[in-house]
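Engineer: Provided herewith is a single structure, encoded as structure tokens, for subsequent inquiry.
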Protein chains: 4
Amino acid sequence: MHHHTDPALHHCIEQCWSCRDTCQSTLFNYCLEQGGHHVEPGHVRLMMDCIQMCQTSADFMTRNSQLHALICAACAAVCEACAKSCDAMDDAEMKKCAEICRRCAQSCREMGERAGLTAHHHG
Amino acid sequence: MHHHTDPALHHCIEQCWSCRDTCQSTLFNYCLEQGGHHVEPGHVRLMMDCIQMCQTSADFMTRNSQLHALICAACAAVCEACAKSCDAMDDAEMKKCAEICRRCAQSCREMGERAGLTAHHHG
Amino acid sequence: MHHHTDPALHHCIEQCWSCRDTCQSTLFNYCLEQGGHHVEPGHVRLMMDCIQMCQTSADFMTRNSQLHALICAACAAVCEACAKSCDAMDDAEMKKCAEICRRCAQSCREMGERAGLTAHHHG
Amino acid sequence: MHHHTDPALHHCIEQCWSCRDTCQSTLFNYCLEQGGHHVEPGHVRLMMDCIQMCQTSADFMTRNSQLHALICAACAAVCEACAKSCDAMDDAEMKKCAEICRRCAQSCREMGERAGLTAHHHG
């Protein structure tokens with residue numbers, strides 16, 4: 001079909017969807033039910049950031065957008081931050097979510113690096 | 001209310017919504033009606049990229065996300081590329097769209113620079 | 001410009017964006033900070049439902065989609081449910097949010113009725 | 001995990017994602033490349049409507065939103081309209097897309113009917 005013949009691109013799209021799906025399901029069906037620090041503003045924001053940026057990244061790649069590597073590089077940073085927030089919760093459900101975020105971050109970072117792109121902090 | 005007291009942030013959110021709205025309306029109610037090179041894949045992709053990234057950027061800022069500057073920096077690059085594609089059409093409607101994209105790019109770039117962030121090409 | 005000359009459509013798009021913006025800002029910058037029953041799963045879900053459906057409705061109208069009345073009718077029901085959830089919180093911030101949701105519901109309902117469309121429960 | 005134990009819900013979520021993904025990939029990587037009546041405004045709008053409504057529907061179900069059946073019923077109508085537009089193109093690629101839209105419409109219709117909900121035209 002008109003699907004991506006580039007296996008790295010295809011793999012990265014799948015990681016983004018998997019991460020978006022896991023974060024959305026975890027946020028609404030686990031974190032909200034748990035309450036307490038699972039619904040702290042900083043954590044919920046990062047989960048929403050991760051959901052939205054993974055979707056944006058997957059869509060740029062699916063559209064074969066010329067700017068997809070830039071978006072993937074930014075997405076990697078968001079997924080990494082979300083993974084840290086999940087890990088800090090210190091329970092099995094959140095550890096699983098963190099692992100999927102980290103796998104997605106890794107795949108997005110590689111897409112960015114392929115294009116010589118990375119998000120940079122100056123000082 | 002619980003709205004942003006930071007005027008630069010507030011201004012940038014408005015630029016992003018204005019850009020998203022203009023691109024969406026221009027794409028569906030002008031470009032598609034015009035046909036020809038107004039519907040060339042590269043142009044339509046950039047318009048969609050711009051619509052999606054402006055929304056993502058506006059949402060990160062509205063949520064007061066800690067990573068908003070990173071997303072704004074990436075959004076600036078997308079808006080700049082979309083402005084170029086609009087300018088190349090060389091008609092009044094697209095020039096107006098290009099100008100709004102450029103204004104949004106400028107505002108997003110400033111949000112990124114405030115945080116010492118910018119999207120970087122190596123080589 | 002290529003904007004909507006139909007004033008009812010234009011008004012409804014504005015109500016949808018206003019409702020989406022208010023719900024998103026209220027959820028992330030007020031409800032999450034308040035905690036307690038402001039972050040109960042049912043309430044957060046309805047706020048997210050309202051954000052997403054208002055956006056979908058605004059986008060269908062902006063694209064001049066032939067199916068916009070159907071989407072507006074569904075959006076009206078979502079906004080109405082969200083308004084009830086906000087009202088139940090019984091504080092000034094949430095009352096303001098409820099009022100904006102109700103105004104959007106009213107406008108969307110009218111768009112649906114214009115097309116002879118309404119969401120129906122059988123029994 | 002915290003995934004849906006209701007098999008009908010799970011199935012419908014998968015149909016919505018499959019339909020969204022197929023429509024997005026077909027629109028950007030096939031229709032835009034083909035040009036001609038594959039990029040007629042009415043067709044492109046319906047493809048975008050279908051992409052957006054399938055996503056909204058999948059998200060309502062993933063969040064276990066109480067209003068998901070209402071959204072599924074509206075989604076069924078959008079998918080059905082998109083299927084018709086794809087079928088009218090009369091080529092193999094679009095026939096495949098139409099079939100996936102129709103499968104999604106069927107699944108969404110069943111979710112709506114379970115709740116006694118359906119989108120209604122009066123006269």
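By convention here, the chains of the structure tokens are called A, B, ... in the order presented, each chain's residues are numbered starting at 1, and ligands are numbered starting at 1 in the order presented.
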Could you list the residues in chain D lying within 7 Å of chain B, using only C-alpha atoms, and format the result as a compact mmCIF listing (two decimals) with all heavy atoms, in the first residue's frame?
Structural biologist:
```
# COMPACT_ATOMS: atom_id res chain seq x y z
N LEU D 32 -3.57 13.15 -2.37
CA LEU D 32 -2.82 14.36 -2.74
C LEU D 32 -1.86 14.10 -3.89
O LEU D 32 -1.64 14.98 -4.73
CB LEU D 32 -2.04 14.90 -1.53
CG LEU D 32 -2.86 15.57 -0.43
CD1 LEU D 32 -1.95 15.98 0.73
CD2 LEU D 32 -3.63 16.78 -0.94
N GLU D 33 -1.29 12.90 -3.96
CA GLU D 33 -0.38 12.57 -5.05
C GLU D 33 -1.15 12.38 -6.36
O GLU D 33 -0.67 12.74 -7.44
CB GLU D 33 0.43 11.30 -4.73
CG GLU D 33 1.25 11.34 -3.44
CD GLU D 33 2.41 12.34 -3.48
OE1 GLU D 33 2.76 12.82 -4.58
OE2 GLU D 33 2.96 12.65 -2.40
N GLU D 40 -10.80 16.99 -4.66
CA GLU D 40 -11.98 17.86 -4.66
C GLU D 40 -12.35 18.23 -3.22
O GLU D 40 -12.28 17.39 -2.32
CB GLU D 40 -13.17 17.16 -5.33
CG GLU D 40 -13.20 17.39 -6.84
CD GLU D 40 -14.22 16.50 -7.55
OE1 GLU D 40 -15.08 15.92 -6.86
OE2 GLU D 40 -14.13 16.38 -8.79
N PRO D 41 -12.72 19.51 -3.03
CA PRO D 41 -12.98 19.99 -1.65
C PRO D 41 -13.91 19.07 -0.85
O PRO D 41 -13.61 18.76 0.31
CB PRO D 41 -13.63 21.36 -1.88
CG PRO D 41 -13.11 21.81 -3.20
CD PRO D 41 -12.89 20.58 -4.02
```
Engineer: Considering only C-alpha atoms, return as a compact mmCIF listing (two decimals) with N, CA and C atoms, in the first residue's frame whatever protein or nucleic-acid residues lie within 8 Å of Ile100 in chain B, sequence-local ones (same chain, fewer than 5 positions apart) excluded.
Structural biologist:
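Below you can see part_3.txt, which holds the result:
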```
# COMPACT_ATOMS: atom_id res chain seq x y z
N GLN B 15 -1.31 34.41 19.09
CA GLN B 15 -0.71 34.27 17.76
C GLN B 15 -0.87 32.84 17.24
N SER B 18 -4.50 32.31 16.23
CA SER B 18 -4.77 33.08 15.02
C SER B 18 -4.17 32.38 13.79
N CYS B 19 -2.97 31.86 13.95
CA CYS B 19 -2.29 31.18 12.86
C CYS B 19 -3.01 29.86 12.52
N THR B 22 -6.35 30.74 10.77
CA THR B 22 -6.14 31.27 9.42
C THR B 22 -5.72 30.15 8.47
```
Engineer: List as a list in words the protein and nucleic acid residues near Met94 in chain D, meaning an atom at most 10 Å away when only C-alpha atoms are counted, but skip any in the same chain fewer than 2 places from it.
Structural biologist: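 Residues near the query, excluding close chain neighbours: Cys23, Thr26, Leu27, Tyr30, Cys31, His38, Ala83, Ser85, Cys86, Asp87, Ala88, Met89, Asp90, Asp91, Ala92, Lys96, Cys97, Ala98, Glu99 and Ile100 of chain D.
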Engineer: May I have the residues within 10 Å of range 56-72 of chain C as a VMD selection string, using only C-alpha atoms and disregarding those fewer than 5 positions away in the same chain?
Structural biologist: (chain B and resid 21 to 22 24 to 29) or (chain C and resid 3 to 4 9 to 10 12 to 17 20 50 to 51 77 to 78 104 to 105 107 to 119) or (chain D and resid 41 to 42 44 to 46 48 to 49 52 to 53 55 to 56 71 73 to 75 77 to 78 81 119 to 121)
Engineer: Please write the residues from the selection above to a file, keeping C-alpha atoms, as a compact mmCIF listing (two decimals), in the first residue's frame.
Structural biologist:
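Result file result25.txt:
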```txt
# COMPACT_ATOMS: atom_id res chain seq x y z
CA ASP B 21 -7.43 29.40 12.48
CA THR B 22 -6.14 31.27 9.42
CA GLN B 24 -7.31 25.95 8.53
CA SER B 25 -9.74 28.38 6.94
CA THR B 26 -7.33 29.17 4.08
CA LEU B 27 -6.61 25.51 3.37
CA PHE B 28 -10.21 24.30 3.32
CA ASN B 29 -12.02 27.36 1.97
CA HIS C 3 -14.65 33.63 6.39
CA HIS C 4 -18.18 32.58 7.11
CA LEU C 9 -22.29 29.66 12.02
CA HIS C 10 -19.71 32.29 12.89
CA CYS C 12 -21.33 29.06 17.02
CA ILE C 13 -17.65 28.64 16.07
CA GLU C 14 -16.78 31.41 18.55
CA GLN C 15 -18.85 29.79 21.32
CA CYS C 16 -17.09 26.47 20.73
CA TRP C 17 -13.62 28.02 20.91
CA ARG C 20 -12.86 24.81 24.73
CA CYS C 50 -16.07 18.98 26.35
CA ILE C 51 -12.64 20.29 25.27
CA ALA C 77 -25.19 17.21 24.71
CA VAL C 78 -21.54 17.02 25.82
CA CYS C 104 -22.09 26.87 23.83
CA ALA C 105 -24.65 24.06 24.26
CA SER C 107 -25.64 27.70 20.20
CA CYS C 108 -24.75 24.14 19.10
CA ARG C 109 -28.30 22.94 19.71
CA GLU C 110 -29.60 25.68 17.41
CA MET C 111 -27.16 24.65 14.67
CA GLY C 112 -28.40 21.07 14.98
CA GLU C 113 -32.07 22.10 14.96
CA ARG C 114 -31.58 24.23 11.85
CA ALA C 115 -30.75 20.99 10.07
CA GLY C 116 -33.60 19.11 11.73
CA LEU C 117 -31.07 17.10 13.68
CA THR C 118 -31.01 16.11 17.31
CA ALA C 119 -29.48 13.28 19.32
CA PRO D 41 -12.98 19.99 -1.65
CA GLY D 42 -15.96 17.80 -0.72
CA VAL D 44 -10.94 16.13 1.28
CA ARG D 45 -13.35 17.59 3.83
CA LEU D 46 -15.01 14.22 4.39
CA MET D 48 -10.64 15.14 7.40
CA ASP D 49 -14.04 14.84 9.11
CA GLN D 52 -11.10 13.81 13.38
CA MET D 53 -14.33 12.09 14.40
CA GLN D 55 -10.09 10.03 16.88
CA THR D 56 -12.70 11.76 19.05
CA ILE D 71 -20.21 10.19 20.01
CA ALA D 73 -23.47 7.22 16.83
CA ALA D 74 -22.34 10.53 15.28
CA CYS D 75 -19.05 8.93 14.20
CA ALA D 77 -22.69 8.76 10.20
CA VAL D 78 -19.39 10.50 9.38
CA ALA D 81 -20.46 9.51 4.36
CA ALA D 119 -28.58 10.28 15.06
CA HIS D 120 -31.98 11.22 13.73
CA HIS D 121 -33.24 13.23 10.82
```
Engineer: Least-squares superposition of chain D on chain A, every Cα paired in order: what RMSD, in Å?
Structural biologist: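 Per the least-squares fit, the RMSD is 0.0 Å.
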Engineer: Distance CA of Arg103 in chain B-CA of Cys54 in chain B, one decimal place?
Structural biologist: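 Taking CA of Arg103 in chain B and CA of Cys54 in chain B, their separation equals 12.1 Å.
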Engineer: Please return, as a PyMOL selection string, all residues of chain C that DSSP assigns to helix (DSSP H, G or I) on the basis of the backbone.
Structural biologist: chain C and resi 7-34+36-39+41-62+68-87+92-114
Engineer: Could you save the residues just selected, with C-alpha atoms, as a compact mmCIF listing (two decimals), in the first residue's frame?
Structural biologist:
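Saved as again-v8.txt:
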```txt
# COMPACT_ATOMS: atom_id res chain seq x y z
CA PRO C 7 -23.61 34.87 11.24
CA ALA C 8 -25.12 31.92 13.15
CA LEU C 9 -22.29 29.66 12.02
CA HIS C 10 -19.71 32.29 12.89
CA HIS C 11 -21.27 32.80 16.33
CA CYS C 12 -21.33 29.06 17.02
CA ILE C 13 -17.65 28.64 16.07
CA GLU C 14 -16.78 31.41 18.55
CA GLN C 15 -18.85 29.79 21.32
CA CYS C 16 -17.09 26.47 20.73
CA TRP C 17 -13.62 28.02 20.91
CA SER C 18 -14.55 30.03 23.97
CA CYS C 19 -15.88 26.91 25.69
CA ARG C 20 -12.86 24.81 24.73
CA ASP C 21 -10.47 27.49 25.96
CA THR C 22 -12.32 28.07 29.24
CA CYS C 23 -12.60 24.35 30.01
CA GLN C 24 -8.94 23.71 29.26
CA SER C 25 -7.74 26.63 31.32
CA THR C 26 -10.13 25.83 34.19
CA LEU C 27 -9.17 22.14 34.24
CA PHE C 28 -5.40 22.61 34.22
CA ASN C 29 -5.03 25.87 36.12
CA TYR C 30 -7.88 25.64 38.62
CA CYS C 31 -9.32 22.12 39.08
CA LEU C 32 -5.92 20.42 39.27
CA GLU C 33 -4.67 23.04 41.74
CA GLN C 34 -7.80 22.69 43.91
CA GLY C 36 -10.45 17.10 46.02
CA HIS C 37 -13.68 16.62 44.09
CA HIS C 38 -12.38 18.99 41.41
CA VAL C 39 -10.23 16.06 40.21
CA PRO C 41 -12.58 11.02 37.49
CA GLY C 42 -16.12 11.74 36.29
CA HIS C 43 -15.57 15.50 36.35
CA VAL C 44 -12.15 15.43 34.67
CA ARG C 45 -13.49 13.10 31.97
CA LEU C 46 -16.39 15.45 31.22
CA MET C 47 -14.06 18.45 31.03
CA MET C 48 -11.83 16.55 28.57
CA ASP C 49 -14.88 15.39 26.60
CA CYS C 50 -16.07 18.98 26.35
CA ILE C 51 -12.64 20.29 25.27
CA GLN C 52 -12.35 17.65 22.55
CA MET C 53 -15.90 17.84 21.25
CA CYS C 54 -15.95 21.68 21.12
CA GLN C 55 -12.79 21.56 19.07
CA THR C 56 -14.21 18.92 16.73
CA SER C 57 -17.39 20.94 16.32
CA ALA C 58 -15.51 24.22 15.67
CA ASP C 59 -13.32 22.47 13.11
CA PHE C 60 -16.25 20.89 11.24
CA MET C 61 -17.87 24.34 10.97
CA THR C 62 -14.62 26.07 9.96
CA HIS C 68 -21.41 19.95 10.87
CA ALA C 69 -25.02 20.04 12.18
CA LEU C 70 -24.81 16.41 13.29
CA ILE C 71 -21.58 17.13 15.17
CA CYS C 72 -23.02 20.32 16.71
CA ALA C 73 -26.03 18.36 18.02
CA ALA C 74 -23.72 15.83 19.71
CA CYS C 75 -21.52 18.66 21.01
CA ALA C 76 -24.55 20.33 22.63
CA ALA C 77 -25.19 17.21 24.71
CA VAL C 78 -21.54 17.02 25.82
CA CYS C 79 -21.46 20.72 26.82
CA GLU C 80 -24.71 20.34 28.76
CA ALA C 81 -23.32 17.37 30.72
CA CYS C 82 -20.10 19.27 31.43
CA ALA C 83 -22.09 22.31 32.63
CA LYS C 84 -23.95 20.11 35.12
CA SER C 85 -20.68 18.68 36.45
CA CYS C 86 -19.23 22.21 36.85
CA ASP C 87 -22.36 23.50 38.58
CA ALA C 92 -17.63 30.83 41.62
CA GLU C 93 -14.90 29.69 39.21
CA MET C 94 -16.83 26.58 38.22
CA LYS C 95 -20.12 28.50 37.92
CA LYS C 96 -18.44 30.76 35.34
CA CYS C 97 -17.23 27.69 33.44
CA ALA C 98 -20.73 26.14 33.60
CA GLU C 99 -22.27 29.29 32.15
CA ILE C 100 -19.92 29.30 29.16
CA CYS C 101 -20.58 25.57 28.57
CA ARG C 102 -24.33 26.25 28.63
CA ARG C 103 -24.05 29.14 26.19
CA CYS C 104 -22.09 26.87 23.83
CA ALA C 105 -24.65 24.06 24.26
CA GLN C 106 -27.44 26.48 23.34
CA SER C 107 -25.64 27.70 20.20
CA CYS C 108 -24.75 24.14 19.10
CA ARG C 109 -28.30 22.94 19.71
CA GLU C 110 -29.60 25.68 17.41
CA MET C 111 -27.16 24.65 14.67
CA GLY C 112 -28.40 21.07 14.98
CA GLU C 113 -32.07 22.10 14.96
CA ARG C 114 -31.58 24.23 11.85
```
Engineer: Give the strand (DSSP E or B) residues of chain D, as assigned by DSSP on the backbone, as a PDB file with C-alpha atoms, in the first residue's frame.
Structural biologist:
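The file below, part-v4.pdb, is the result:
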```
ATOM      1  CA  LEU D 117     -28.887   6.085  20.656  1.00  0.00           C
ATOM      2  CA  THR D 118     -28.947   7.057  17.024  1.00  0.00           C
ATOM      3  CA  ALA D 119     -28.575  10.279  15.063  1.00  0.00           C
ATOM      4  CA  HIS D 120     -31.981  11.216  13.729  1.00  0.00           C
ATOM      5  CA  HIS D 121     -33.238  13.233  10.820  1.00  0.00           C
TER       6      HIS D 121
END
```
